[in-house]
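Colleague: Before I ask anything, here is the structure I am working with.
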Amino acid sequence: QVQLVESGGGLVQAGGSLRLSCAASGGTFGGYAMGWFRQAPGKEREFVAAISWNGDNTYYADSVKGRFTISRDNAKNSVYLQMNSLKPEDTAVYYCAQDKTRFTGSYLPPTNFGSWGQGTQVTVSS
């Protein structure tokens, strides 16, 4: 099973930017859709963004559309989340995840996420 490790979180002022990275090891990265999720204190985990297995299609939550960009580099077994124009409501622990099923995300958003990272904290101050 693939292991996922997120990095790049931190404290930033509102309006600032951060770039999260998620490195995969110990399993197969290419061929699987990837996603980013987040969980704020006292709230349920929510979908943020996803990218198809081949990188051709991306999907975003309405709350981050136009501000966040997901990308992947299969040669580096990594997926990224560029976050711009950050808002205090973006404060959360951010997790990356891998879809359980191969070759998804080309026509519909991937939904069967299995492997999860440990998360990275993002705090946006007002």
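Numbering starts fresh at 1 for the residues of each chain in the structure tokens, the chains themselves are lettered A, B, ... in the order given, and ligands are numbered from 1 as they appear.
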Quick one: DSSP strand (DSSP E or B) residues in range 15-101 of chain A, as number ranges by chain?
Modeller: A: 18-25, 32-39, 46-51, 58-60, 68-73, 78-83, 92-101
Colleague: Only C-alpha atoms, please: the residues just picked out, written as a CSV table (one decimal), in the first residue's frame.
Modeller:
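This went into selection10.csv:
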```
chain,number,residue,atom,x,y,z
A,18,LEU,CA,1.2,28.3,0.2
A,19,ARG,CA,2.2,25.3,-1.8
A,20,LEU,CA,1.5,21.9,-0.3
A,21,SER,CA,3.3,18.8,-1.5
A,22,CYS,CA,2.4,15.1,-1.1
A,23,ALA,CA,5.1,12.5,-1.7
A,24,ALA,CA,4.1,8.9,-2.3
A,25,SER,CA,6.3,5.9,-1.6
A,32,TYR,CA,-4.3,6.5,-9.7
A,33,ALA,CA,-6.2,9.7,-9.2
A,34,MET,CA,-5.2,11.8,-6.2
A,35,GLY,CA,-7.1,14.2,-4.0
A,36,TRP,CA,-6.7,16.8,-1.3
A,37,PHE,CA,-9.1,17.1,1.6
A,38,ARG,CA,-9.1,19.3,4.7
A,39,GLN,CA,-10.6,19.2,8.2
A,46,GLU,CA,-14.2,18.0,3.3
A,47,PHE,CA,-13.1,17.6,-0.3
A,48,VAL,CA,-10.8,20.3,-1.7
A,49,ALA,CA,-9.5,19.2,-5.0
A,50,ALA,CA,-8.7,16.1,-7.1
A,51,ILE,CA,-6.8,15.2,-10.2
A,58,THR,CA,-9.0,18.5,-12.2
A,59,TYR,CA,-11.9,19.0,-9.9
A,60,TYR,CA,-12.4,21.6,-7.1
A,68,PHE,CA,-6.3,26.7,-5.6
A,69,THR,CA,-4.6,24.6,-8.2
A,70,ILE,CA,-3.9,20.8,-8.0
A,71,SER,CA,-1.1,19.3,-10.1
A,72,ARG,CA,0.9,16.1,-10.2
A,73,ASP,CA,4.3,14.9,-11.3
A,78,SER,CA,4.1,13.7,-6.0
A,79,VAL,CA,0.9,15.7,-6.0
A,80,TYR,CA,0.8,19.4,-5.2
A,81,LEU,CA,-1.8,22.0,-4.1
A,82,GLN,CA,-1.0,25.6,-4.9
A,83,MET,CA,-3.1,27.8,-2.6
A,92,ALA,CA,-7.4,23.3,8.5
A,93,VAL,CA,-5.4,20.2,8.5
A,94,TYR,CA,-4.9,19.3,4.8
A,95,TYR,CA,-4.6,15.6,3.7
A,96,CYS,CA,-3.8,14.0,0.5
A,97,ALA,CA,-5.3,10.8,-0.6
A,98,GLN,CA,-5.1,8.2,-3.4
A,99,ASP,CA,-8.1,6.7,-5.1
A,100,LYS,CA,-8.4,2.9,-4.6
A,101,THR,CA,-9.3,2.3,-8.2
```
Colleague: Hey, which of A:Gly55, A:Pro88, A:Gly105, A:Gly31 ends up closest to Gly16 in chain A? Count only C-alpha atoms.
Modeller: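 Of the candidates, the smallest distance to Gly16 in chain A is held by A:Pro88.
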Colleague: Looking only at the backbone, which of the residues in chain A does DSSP tag as helix (DSSP H, G or I), as an MDAnalysis selection string?
Modeller: chainID A and resid 74:76 88:90
Colleague: From the set A:Asn74, A:Ser63, A:Ser17, A:Ser52, which residue has the shortest atom-to-atom contact distance to Phe29 in chain A, counting only C-alpha atoms?
Modeller: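 Of A:Asn74, A:Ser63, A:Ser17, A:Ser52, the one nearest Phe29 in chain A, counting only C-alpha atoms, is A:Asn74.
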